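Here's the structure we're looking at; comments come further down.
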Amino acid sequence: MAITNNQPIVAPKVKAQASPGQLIDRAQVARALDRNGDDKISSDEFSAAGISNLDGAALDEINRGGEEGDIVTVNELARALGSDAVRISGEGNVAINGGYATIRAGRLEKSAPWSFPYVQGVNTLAQVRQIAPSAGWSSYNPDSPSSEFTFDAISKDRMGQPLKYQEGMRLQANEYAGQDGYVHYKGVNYDELSDILRSKATSIRDITSNAKDPEIQQIHDEVNRVLFQTDWSSSSRRDRARDLYNALARFDNINVPQQPENRLTTLDQSLKTAAARVDDQGRITRDVPVDRARTAVQKEVDRLHGITPVKIITGVAVGAAAGALAFFAASLALPIAAAIGVGGLLVGGLIAHFVSTSKAKGYENDLEVLKTIDPTKNKRDLQQYNVVGYKIVQDARTADTLAKLRAYSEAADGASKTVDSMTTKVANETNSLKNMESLVHKYYN
């Protein structure tokens with residue numbers, strides 16, 4: 001349905017923002033800096049993480065609780081970072097070097113509670129795309145419009161009379177011989193098409209007026225120009241529709257970035273999920289000794305490789321189905337159907353054997369994970385990746401225009417991919433450990 005000037009565009013509701021301090025576990029960030037694990041963070045440890053500029057006022061704020069005098073403890077730093085009393089800043093994305101997070105030109109400085117910027121241009125871009133949707137937008141193309149804008153009519157001769165079709169008659173590209181004996185042509189209702197496109201353009205112009213963001217202003221200027229600077233009096237109806245279509249078609253796949261808060265909420269959830277998986281890893285490796293798991297796997301592998309009732313039932317079922325299908329579908333004699341059934345029995349047995357072998361191989365792979373996994377290292381790695389996430393949170397402070405948000409999103413994408421690869425690895429390892437845990441319970445409980 002066309003959007004007219006009388007149909008207001010309903011702006012999406014703005015949900016309540018999360019506090020930046022609620023996203024990314026600050027205890028994990030603080031513990032990532034404690035490289036020797038003594039629950040204290042020395043100046044050398046700050047420096048090793050690239051944080052060589054330690055503001056005196058920030059240190060005083062951290063030590064306000066006085067746990068260890070002037071020594072910065074993990075708990076003190078975690079509280080100060082969580083309340084935004086202090087912050088860690090630096091240049092560019094966090095790098096992971098030798099398994100540890102490092103920040104270029106890192107600084108520990110005083111801070112204050114803040115909120116994520118809300119970029120109004122994101123909302124406006126979403127409305128523009130709503131008016132000019134990508135799905136079905138090509139149906140408005142004046143050169144190949146949808147049937148909604150086409151009609152069928154009888155061609156006329158120079159005298160204005162219906163044109164009868166004669167064998168061998170040369171027809172125009174849009175003409176064809178009708179079953180009624182007359183020449184027909186397919187036409188386009190350019191007036192209706194251009195009216196709808198003009199209505200869309202007007203709606204876009206209206207919602208982008210008074211915009212302060214340069215990207216939205218550019219959209220407004222482009223649409224305004226085609227509405228008011230085109231010579232509508234002299235151009236053809238088709239040209240008017242084409243001018244409007246070409247001006248609006250670029251909004252087909254317009255990129256609408258995420259608000260900073262939305263992006264970081266997803267990243268925060270990934271890190272929290274990974275933390276839960278790492279906890280599972282520690283518990284399972286404590287509860288499931290490798291020797292016991294190896295024995296359980298061997299028993300299960302022997303069972304899967306042997307002849308079991310399940311395999312027999314599977315083979316019989318497939319064989320019976322094959323014989324029945326051949327007998328009823330092709331009306332074959334009973335001996336032939338029986339032969340096909342025997343073949344099906346063999347095929348069924350092979351399928352069951354293949355499935356069993358695949359399962360056995362899977363358990364053997366899971367055992368290798370249990371033998372080689374290091375939950376302590378994974379926990380330390382996760383702490384370092386929380387530093388990556390924390391830096392992305394801090395960089396969101398300045399993403400307050402579309403241009404800045406796009407640059408921020410590009411940088412955050414690279415960092416987020418690093419975090420996502422780690423969380424995926426942890427999840428896969430944990431699934432293998434849970435398989436081992438279930439198998440040990442099966443044979444020892």
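Residue numbering restarts at 1 in every chain; chains get A, B, ... in the order shown in the structure tokens, and ligands count up from 1 in that same order.
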Quiz prompt | Residues near segment 298-302 of chain A, cut-off 12 Å, only C-alpha atoms, skip fewer than 4 positions along chain, as a list in words | solution = Asp291, Arg292, Ala293, Arg294, Gly306, Ile307, Thr308, His353, Ser356, Thr357, Ser358, Lys359, Ala360, Lys361, Gly362, Tyr363, Glu364, Asn365, Leu367, Asn435, Met436, Ser438, Leu439, Val440, Lys442, Tyr443 and Tyr444 of chain A
Quiz prompt | DSSP helix (DSSP H, G or I) residues within segment 109-167 of chain A, as a count of residues only | solution = 19
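Interatomic distance, atom CA of Val183 of chain A to atom CA of Tyr165 of chain A: 5.2 Å.
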Exercise. Please provide as a PyMOL selection string all residues within 10 Å of segment 214-220 of chain A, with the sequence filter that same-chain residues fewer than 3 positions apart are discarded (counting only C-alpha atoms).
Key: chain A and resi 120-122+124-125+128+201-202+204-211+223-225+247-248+251+401-403
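All residues of protein, DNA or RNA that reach within 9 Å of Pro20 of chain A, judged by only C-alpha atoms and not counting those fewer than 4 positions away in the chain, are Ile24, Gly82, Asp84, Pro113, Trp114, Ser115, Phe116, Glu261, Leu264, Val393 and Gln394 of chain A.
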Self-check item: Residues near Lys186 of chain A, cut-off 7 Å, only C-alpha atoms, skip fewer than 6 positions along chain, as a VMD selection string
Solution: chain A and resid 150 to 153 174 to 175
Self-check item: Picked from segment 84-316 of chain A by DSSP as strand (DSSP E), as JSON, numbers by chain
Solution: {"A": [86, 87, 88, 89, 90, 91, 92, 93, 94, 95, 96, 97, 100, 101, 102, 103, 104, 105, 106, 107, 108, 109, 110, 150, 151, 152, 153, 154, 175, 176, 177, 183, 184, 185, 186, 187, 188]}
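For Gly414 of chain A, the set of protein, DNA and RNA residues having any atom at most 12 Å away, when counting only C-alpha atoms and skipping those fewer than 5 positions along the same chain, is Gly92, Asn93, Val94, Ala95, Val388, Gly389, Ile392, Ala407, Tyr408, Ser409, Val419, Asp420 and Ser421 of chain A.
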Can you write out the residues you just picked, keeping C-alpha atoms, as an mmCIF file, in the first residue's frame?
data_model
loop_
_atom_site.group_PDB
_atom_site.id
_atom_site.type_symbol
_atom_site.label_atom_id
_atom_site.label_comp_id
_atom_site.auth_asym_id
_atom_site.auth_seq_id
_atom_site.Cartn_x
_atom_site.Cartn_y
_atom_site.Cartn_z
ATOM 1 C CA GLY A 92 42.341 1.414 18.945
ATOM 2 C CA ASN A 93 41.187 -2.120 19.684
ATOM 3 C CA VAL A 94 42.651 -4.285 22.421
ATOM 4 C CA ALA A 95 45.250 -6.757 21.172
ATOM 5 C CA VAL A 388 38.411 -6.518 24.818
ATOM 6 C CA GLY A 389 34.687 -6.150 25.529
ATOM 7 C CA ILE A 392 34.422 -1.628 23.170
ATOM 8 C CA ALA A 407 33.362 3.821 12.286
ATOM 9 C CA TYR A 408 32.804 2.473 15.792
ATOM 10 C CA SER A 409 30.822 -0.502 14.467
ATOM 11 C CA VAL A 419 35.469 -12.777 21.239
ATOM 12 C CA ASP A 420 32.954 -14.871 19.286
ATOM 13 C CA SER A 421 35.626 -17.314 18.099
#
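Nearest residue to Gly56 of chain A among A:Arg104, A:Arg397, A:Lys110, A:Arg277 is A:Lys110, counting only C-alpha atoms.
Interatomic distance, atom CA of Lys200 of chain A against atom CA of Leu405 of chain A: 26.9 Å.
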Excluding Asp191 of chain A and any residue of its chain fewer than 5 positions from it, enumerate the residues within 12 Å of it, using only C-alpha atoms, and give them as a JSON list (two decimals) with N, CA, C and O atoms, in the first residue's frame.
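As written to disk, selection_15.json reads:
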[["chain", "number", "residue", "atom", "x", "y", "z"],
["A", 142, "PRO", "N", 9.89, 1.62, -13.49],
["A", 142, "PRO", "CA", 9.08, 2.01, -14.66],
["A", 142, "PRO", "C", 9.40, 1.19, -15.91],
["A", 142, "PRO", "O", 8.55, 1.07, -16.80],
["A", 149, "PHE", "N", 0.71, -2.11, -11.99],
["A", 149, "PHE", "CA", 0.78, -0.85, -12.73],
["A", 149, "PHE", "C", 0.68, -1.04, -14.23],
["A", 149, "PHE", "O", 0.97, -0.12, -15.00],
["A", 150, "THR", "N", 0.27, -2.22, -14.70],
["A", 150, "THR", "CA", 0.14, -2.45, -16.14],
["A", 150, "THR", "C", -1.32, -2.71, -16.50],
["A", 150, "THR", "O", -2.14, -3.05, -15.64],
["A", 196, "ILE", "N", 2.57, 7.27, -6.71],
["A", 196, "ILE", "CA", 2.98, 6.49, -5.53],
["A", 196, "ILE", "C", 4.43, 6.79, -5.19],
["A", 196, "ILE", "O", 4.78, 7.00, -4.02],
["A", 197, "LEU", "N", 5.30, 6.84, -6.21],
["A", 197, "LEU", "CA", 6.71, 7.14, -5.95],
["A", 197, "LEU", "C", 6.88, 8.54, -5.39],
["A", 197, "LEU", "O", 7.69, 8.78, -4.49],
["A", 198, "ARG", "N", 6.09, 9.47, -5.90],
["A", 198, "ARG", "CA", 6.17, 10.85, -5.40],
["A", 198, "ARG", "C", 5.71, 10.91, -3.94],
["A", 198, "ARG", "O", 6.27, 11.64, -3.12],
["A", 236, "SER", "N", 8.20, 13.56, -19.81],
["A", 236, "SER", "CA", 7.12, 12.61, -20.04],
["A", 236, "SER", "C", 6.73, 11.94, -18.73],
["A", 236, "SER", "O", 7.47, 11.97, -17.74],
["A", 237, "ARG", "N", 5.57, 11.28, -18.73],
["A", 237, "ARG", "CA", 5.12, 10.57, -17.53],
["A", 237, "ARG", "C", 6.10, 9.47, -17.17],
["A", 237, "ARG", "O", 6.39, 9.25, -16.00],
["A", 238, "ARG", "N", 6.62, 8.80, -18.19],
["A", 238, "ARG", "CA", 7.58, 7.73, -17.94],
["A", 238, "ARG", "C", 8.87, 8.30, -17.34],
["A", 238, "ARG", "O", 9.43, 7.72, -16.40],
["A", 239, "ASP", "N", 9.34, 9.42, -17.86],
["A", 239, "ASP", "CA", 10.57, 10.04, -17.34],
["A", 239, "ASP", "C", 10.37, 10.50, -15.90],
["A", 239, "ASP", "O", 11.29, 10.40, -15.07],
["A", 240, "ARG", "N", 9.22, 11.01, -15.57],
["A", 240, "ARG", "CA", 8.96, 11.45, -14.19],
["A", 240, "ARG", "C", 9.04, 10.25, -13.24],
["A", 240, "ARG", "O", 9.65, 10.32, -12.17],
["A", 241, "ALA", "N", 8.40, 9.15, -13.66],
["A", 241, "ALA", "CA", 8.44, 7.96, -12.81],
["A", 241, "ALA", "C", 9.86, 7.43, -12.69],
["A", 241, "ALA", "O", 10.29, 7.01, -11.60],
["A", 242, "ARG", "N", 10.62, 7.47, -13.80],
["A", 242, "ARG", "CA", 11.98, 6.95, -13.76],
["A", 242, "ARG", "C", 12.87, 7.82, -12.87],
["A", 242, "ARG", "O", 13.71, 7.30, -12.13]]
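With atom CA of Lys272 of chain A on one side and atom CA of Val119 of chain A on the other, the separation reads 26.7 Å.
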